[in-house]
$ cat target.txt   # compact mmCIF, C-alpha atoms
# COMPACT_ATOMS: atom_id res chain seq x y z
CA ARG A 1 -14.48 -0.37 7.82
CA ARG A 2 -11.42 -1.60 9.65
CA ALA A 3 -11.89 -3.02 13.14
CA ALA A 4 -10.10 -0.13 14.85
CA GLU A 5 -12.65 2.30 13.37
CA LEU A 6 -15.50 0.41 15.05
CA ARG A 7 -14.35 1.14 18.59
CA GLU A 8 -17.05 2.66 20.81
CA PRO A 9 -16.50 5.23 23.60
CA SER A 10 -16.20 2.30 26.04
CA GLY A 11 -13.04 1.32 24.16
CA GLN A 12 -14.56 -1.95 22.97
CA ILE A 13 -15.70 -2.88 19.50
CA PRO A 14 -19.27 -4.26 19.36
CA VAL A 15 -19.31 -7.92 18.37
CA SER A 16 -22.07 -10.22 17.13
CA ILE A 17 -21.67 -13.87 18.14
CA ILE A 18 -23.68 -16.19 15.92
CA VAL A 19 -24.83 -19.61 17.15
CA PRO A 20 -26.68 -22.02 14.84
CA CYS A 21 -28.85 -24.33 16.96
CA PHE A 22 -30.38 -27.69 16.04
CA ASN A 23 -31.27 -30.25 18.73
CA VAL A 24 -28.56 -29.06 21.14
CA GLU A 25 -30.56 -29.16 24.37
CA GLU A 26 -27.78 -31.19 25.99
CA TYR A 27 -25.05 -28.62 25.21
CA ILE A 28 -26.50 -25.13 24.76
CA LYS A 29 -26.53 -24.19 28.46
CA ASP A 30 -22.77 -24.70 28.80
CA THR A 31 -22.17 -22.87 25.52
CA LEU A 32 -24.19 -19.81 26.50
CA ASP A 33 -22.84 -19.78 30.06
CA SER A 34 -19.29 -19.71 28.67
CA LEU A 35 -20.15 -16.83 26.34
CA LEU A 36 -21.95 -14.79 28.98
CA SER A 37 -18.98 -15.05 31.35
CA GLN A 38 -16.45 -13.58 28.89
CA THR A 39 -13.88 -10.98 29.92
CA TYR A 40 -15.08 -9.02 26.86
CA SER A 41 -18.59 -7.63 27.36
CA ASN A 42 -19.66 -5.62 24.30
CA PHE A 43 -21.46 -8.29 22.31
CA GLU A 44 -24.78 -9.70 21.27
CA ILE A 45 -25.40 -13.44 20.95
CA ILE A 46 -27.69 -14.33 18.09
CA CYS A 47 -29.08 -17.85 18.28
CA LEU A 48 -31.02 -19.26 15.35
CA ASN A 49 -33.05 -22.37 16.16
CA ASP A 50 -33.29 -24.56 13.05
CA CYS A 51 -36.58 -26.27 14.01
CA SER A 52 -35.20 -28.35 16.87
CA THR A 53 -37.42 -31.15 18.12
CA ASP A 54 -35.93 -31.27 21.64
CA GLY A 55 -35.89 -28.61 24.38
CA THR A 56 -33.39 -26.33 22.62
CA LEU A 57 -35.84 -23.48 21.98
CA HIS A 58 -37.10 -23.51 25.58
CA LEU A 59 -33.53 -23.16 26.91
CA LEU A 60 -32.68 -20.42 24.40
CA ASN A 61 -35.73 -18.44 25.49
CA LYS A 62 -34.76 -18.81 29.16
CA PHE A 63 -31.34 -17.32 28.42
CA ALA A 64 -32.90 -14.47 26.40
CA LEU A 65 -35.09 -13.58 29.38
CA ARG A 66 -32.05 -13.66 31.70
CA ASP A 67 -29.68 -11.57 29.57
CA LYS A 68 -30.70 -8.97 26.97
CA ARG A 69 -27.56 -9.71 24.93
CA VAL A 70 -29.06 -13.09 23.94
CA LYS A 71 -31.41 -12.85 20.96
CA VAL A 72 -33.37 -15.85 19.74
CA PHE A 73 -34.73 -16.38 16.24
CA CYS A 74 -36.36 -19.42 14.61
CA ASN A 75 -36.33 -20.78 11.09
CA GLU A 76 -39.79 -21.53 9.72
CA TYR A 77 -38.52 -24.86 8.42
CA ASN A 78 -35.28 -26.84 8.84
CA MET A 79 -32.81 -25.07 6.57
CA GLY A 80 -29.59 -26.90 7.44
CA ILE A 81 -26.32 -25.45 8.67
CA ILE A 82 -25.18 -23.38 5.65
CA ALA A 83 -28.49 -21.57 5.10
CA THR A 84 -28.82 -21.06 8.86
CA LEU A 85 -25.34 -19.51 9.06
CA ASN A 86 -26.13 -17.20 6.14
CA LYS A 87 -29.35 -16.11 7.86
CA LEU A 88 -27.46 -15.54 11.11
CA VAL A 89 -25.06 -13.18 9.36
CA GLU A 90 -28.06 -11.23 8.01
CA LEU A 91 -29.44 -10.93 11.57
CA THR A 92 -26.28 -9.35 13.00
CA LYS A 93 -26.11 -5.65 13.75
CA ASN A 94 -22.33 -5.43 14.16
CA GLU A 95 -19.58 -5.59 11.57
CA LEU A 96 -17.38 -7.88 13.69
CA ILE A 97 -18.89 -11.39 13.73
CA ILE A 98 -17.72 -14.43 15.69
CA ARG A 99 -19.09 -17.89 14.98
CA THR A 100 -19.62 -20.40 17.76
CA ASP A 101 -21.19 -23.82 17.46
CA ALA A 102 -23.93 -24.68 19.93
CA ASP A 103 -21.79 -27.38 21.55
CA ASP A 104 -18.68 -25.20 22.02
CA ILE A 105 -17.38 -24.04 25.38
CA SER A 106 -15.35 -20.85 25.11
CA THR A 107 -12.49 -19.95 27.41
CA LYS A 108 -13.22 -16.79 29.41
CA ASP A 109 -10.98 -14.64 27.21
CA ARG A 110 -11.80 -16.13 23.79
CA ILE A 111 -13.75 -13.13 22.48
CA GLU A 112 -11.20 -10.67 23.86
CA LYS A 113 -8.32 -12.55 22.19
CA LEU A 114 -10.13 -12.81 18.85
CA VAL A 115 -10.92 -9.08 18.83
CA GLU A 116 -7.32 -8.23 19.82
CA SER A 117 -5.99 -10.48 17.07
CA CYS A 118 -8.28 -8.83 14.54
CA LEU A 119 -7.10 -5.37 15.60
CA LYS A 120 -3.43 -6.32 15.73
CA SER A 121 -3.33 -8.04 12.35
CA ASN A 122 -5.90 -5.81 10.61
CA ALA A 123 -7.29 -9.08 9.22
CA ASP A 124 -10.73 -9.60 7.76
CA ILE A 125 -10.94 -13.11 9.24
CA VAL A 126 -9.34 -14.58 12.37
CA SER A 127 -9.73 -18.00 13.96
CA SER A 128 -8.70 -19.83 17.10
CA ASP A 129 -7.43 -23.23 18.14
CA TYR A 130 -9.71 -25.66 19.88
CA SER A 131 -9.49 -28.60 22.22
CA LEU A 132 -11.60 -31.72 22.15
CA ILE A 133 -13.17 -32.78 25.44
CA ASN A 134 -15.09 -35.86 26.46
CA GLU A 135 -18.49 -36.08 28.19
CA SER A 136 -16.82 -35.43 31.56
CA GLY A 137 -15.20 -32.21 30.35
CA ASN A 138 -11.69 -33.69 30.33
CA TYR A 139 -9.37 -32.65 27.51
CA ILE A 140 -8.73 -35.29 24.86
CA LYS A 141 -6.37 -33.31 22.61
CA LYS A 142 -5.69 -29.82 21.31
CA ARG A 143 -6.40 -29.04 17.68
CA GLY A 144 -5.71 -26.11 15.41
CA PHE A 145 -4.21 -25.03 12.14
CA ASP A 146 -0.66 -24.34 11.03
CA LEU A 147 -1.01 -20.96 9.35
CA LEU A 148 1.13 -19.95 6.46
CA ARG A 149 1.44 -16.43 5.05
CA THR A 150 1.75 -15.82 1.31
CA PRO A 151 3.70 -12.90 -0.17
CA ALA A 152 0.31 -11.26 -0.86
CA GLY A 153 -0.47 -11.34 2.86
CA ILE A 154 -3.17 -13.98 2.57
CA VAL A 155 -3.32 -16.44 5.44
CA TYR A 156 -4.43 -19.96 4.62
CA THR A 157 -4.26 -23.46 6.07
CA ALA A 158 -2.04 -26.18 4.73
$ encode --input "target.txt" --output "structure tokens"
Amino acid sequence: RRAAELREPSGQIPVSIIVPCFNVEEYIKDTLDSLLSQTYSNFEIICLNDCSTDGTLHLLNKFALRDKRVKVFCNEYNMGIIATLNKLVELTKNELIIRTDADDISTKDRIEKLVESCLKSNADIVSSDYSLINESGNYIKKRGFDLLRTPAGIVYTA
């Protein structure tokens, strides 16, 4: 179905945010805090712990207790990033999926802008720019892709 068809009575489209997690105890709190403070509110956050050996799972469970939108799952053995991402997609309940790494900090309107872009362009896949920050949270540089559009309407990176 197209994104516009997924709109609920609230006016928002339900979104599943997938977060692969492996030994991210140092970062996951900031990541989840940034997601839970979004201007867009109709989402679930699905975290899949890939057998972390640090305190990642403990922190994930604390967030799940605090906010019902956070759902925590665990791999039985370390599967690596690709298999973990595939499993995360299987765990989603919504058709609109947003990927976030466990060390990403999202701007307050990131989800809203991605959903709007999806609706506006009627695209199957949308992406966003990103900025690199240092340990102090200071911006190092902005990154992103120059998008080109083919005659067939396919967007790709050059």
$ atom_distance --input "target.txt" --atom1 "atom CA of Leu114 of chain A" --atom2 "atom CA of Val70 of chain A"
19.6 Å
$ residues_around --input "target.txt" --residues "segment 12-18 of chain A" --least-positions-apart "6" --cutoff "9 Å" --atoms "all atoms listed in the file" --output "ChimeraX atom specification"
/A:3-6,35,40-48,85,88-89,91-101,111,115
$ residues_around --input "target.txt" --residues "Thr84 of chain A" --least-positions-apart "3" --cutoff "9 Å" --atoms "all atoms listed in the file" --output "list in words"
Pro20, Cys21, Leu48, Asn49, Asp50, Asn75, Asn78, Met79, Gly80, Ile81, Lys87, Leu88 and Val89 of chain A
$ atom_distance --input "target.txt" --atom1 "atom CA of Asn86 of chain A" --atom2 "atom CA of Phe22 of chain A"
15.0 Å
$ atom_distance --input "target.txt" --atom1 "atom CA of Asp33 of chain A" --atom2 "atom CA of Asp124 of chain A"
27.3 Å
$ closest_residue --input "target.txt" --among "A:Glu135, A:Asp54, A:Asp67, A:Asp30" --to "Ile105 of chain A" --atoms "only C-alpha atoms"
A:Asp30
